[in-house]
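Here the structure is laid out as structure tokens; the discussion comes afterwards.
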Amino acid sequence: MPTEPATSPLQDPQVQAVLDRLHSQRRRPPGAGPGSGPVARDPHDYADIGFSIHPAQGDLIYLLCRAIGATRAVEFATSLGVSTLYFAAAVRDNGGGTVIGSEIVPEKAATARRNLTDAGLADFVDLRVGDARETLRDLGGPVDFALIDGWPVSSGPTLARQVVELIAPQLRTGAMMMNDNAEPDYLDYIRDPANGFRSVSLPLKGSTELSVKVGAPTAS
């Protein structure tokens, strides 16, 4: 099992202090992860609990965003803002830009905004409150990096699958996408070459899918 890195490539102590606090409170969503059965849980019941990526995943997001010069990123879902902090720090360090987040629980969105303010990164984030299937329908232009880390559902297509189908056409060629929970129908989509991506599974937080958009979808 890989250990978390002793140091982070993100060197801003103001940002790191907020991240350290949030990582110490980290929880995993009910039913998330490979092989988990369906659940019926209301995310509003967890308004005071943050479910987030791990530090190693955040460090990877920061480094990859710096490497590709990302200035526009999108994430689903924001929760308390852990992944948002990594994205916003990278965008700022790349010279500026926007991170578009979506969070369905208003209380969590308010907490995320406070955390971003504490880190000095609030000006780089467009946080949209509501259902991501609506809030992320129009991202306002090509996106460089996306994170899909959504809530489990009880039946039908997962939110990850529904959201990736919205976001994928809005990514530029060469853009990267990360998925946290390895939902089978998400993997079916992203690993199908006809959808324009190349993908690999990384041994982070159990399984992290990292993908790059190499072209437009192939017509069937």
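Each chain in the structure tokens gets a letter, A, B, ..., in the order shown, and its residues are numbered from 1; ligands are numbered from 1 in order too.
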
Name the residues in contact with Ser83 in chain A at a cut-off of 8 Å, using only C-alpha atoms, excluding same-chain residues fewer than 2 positions from it; report them as a count of residues only.
9

For Ile167 in chain A: contacts at 9 Å, only C-alpha atoms, fewer than 3 positions along chain excluded, given as a PyMOL selection string
chain A and resi 74+136-139+143+146+163-164+170-171

Which of these residues is nearest to Ala56 in chain A, using only C-alpha atoms: A:Gly101, A:Gly174, A:Gly196, A:Pro9?
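For Ala56 in chain A, the nearest of the candidates is A:Pro9.
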
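Nearest residue to Leu64 in chain A, choosing from A:Glu107, A:Arg92, A:Asp144, A:Arg21 and counting only C-alpha atoms: A:Asp144.
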
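The residues of range 62-160 of chain A that DSSP assigns to strand (DSSP E or B) on this backbone come out as Arg72, Ala73, Val74, Glu75, Phe76, Thr98, Val99, Ile100, Gly101, Ser102, Glu103, Val125, Asp126, Leu127, Arg128, Val129, Val143, Asp144, Phe145, Ala146, Leu147 and Ile148 of chain A.
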
Take CA of Asp180 in chain A and CA of Thr208 in chain A and report the distance between them in Å, one decimal.
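Straight-line distance from CA of Asp180 in chain A to CA of Thr208 in chain A works out to 5.1 Å.
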
Show which residues sit within 7 Å of Phe76 in chain A, as a PyMOL selection string. Count only C-alpha atoms, and ignore same-chain residues fewer than 5 positions away.
chain A and resi 101-102+132+147-150

All helix (DSSP H, G or I) positions in range 78-210 of chain A, as a ChimeraX atom specification
/A:82-93,106-119,122-124,132-135,159-170,184-190,193-195

Using only C-alpha atoms, which residues sit within 9 Å of Gly96 in chain A once same-chain residues fewer than 3 positions away are excluded, as a VMD selection string?
chain A and resid 71 to 72 88 90 to 93 124

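With only C-alpha atoms as the atoms that count, the minimum distance from Ala194 in chain A to the choices A:Lys108, A:Lys213, A:Arg66, A:His23 is reached by A:Lys213.
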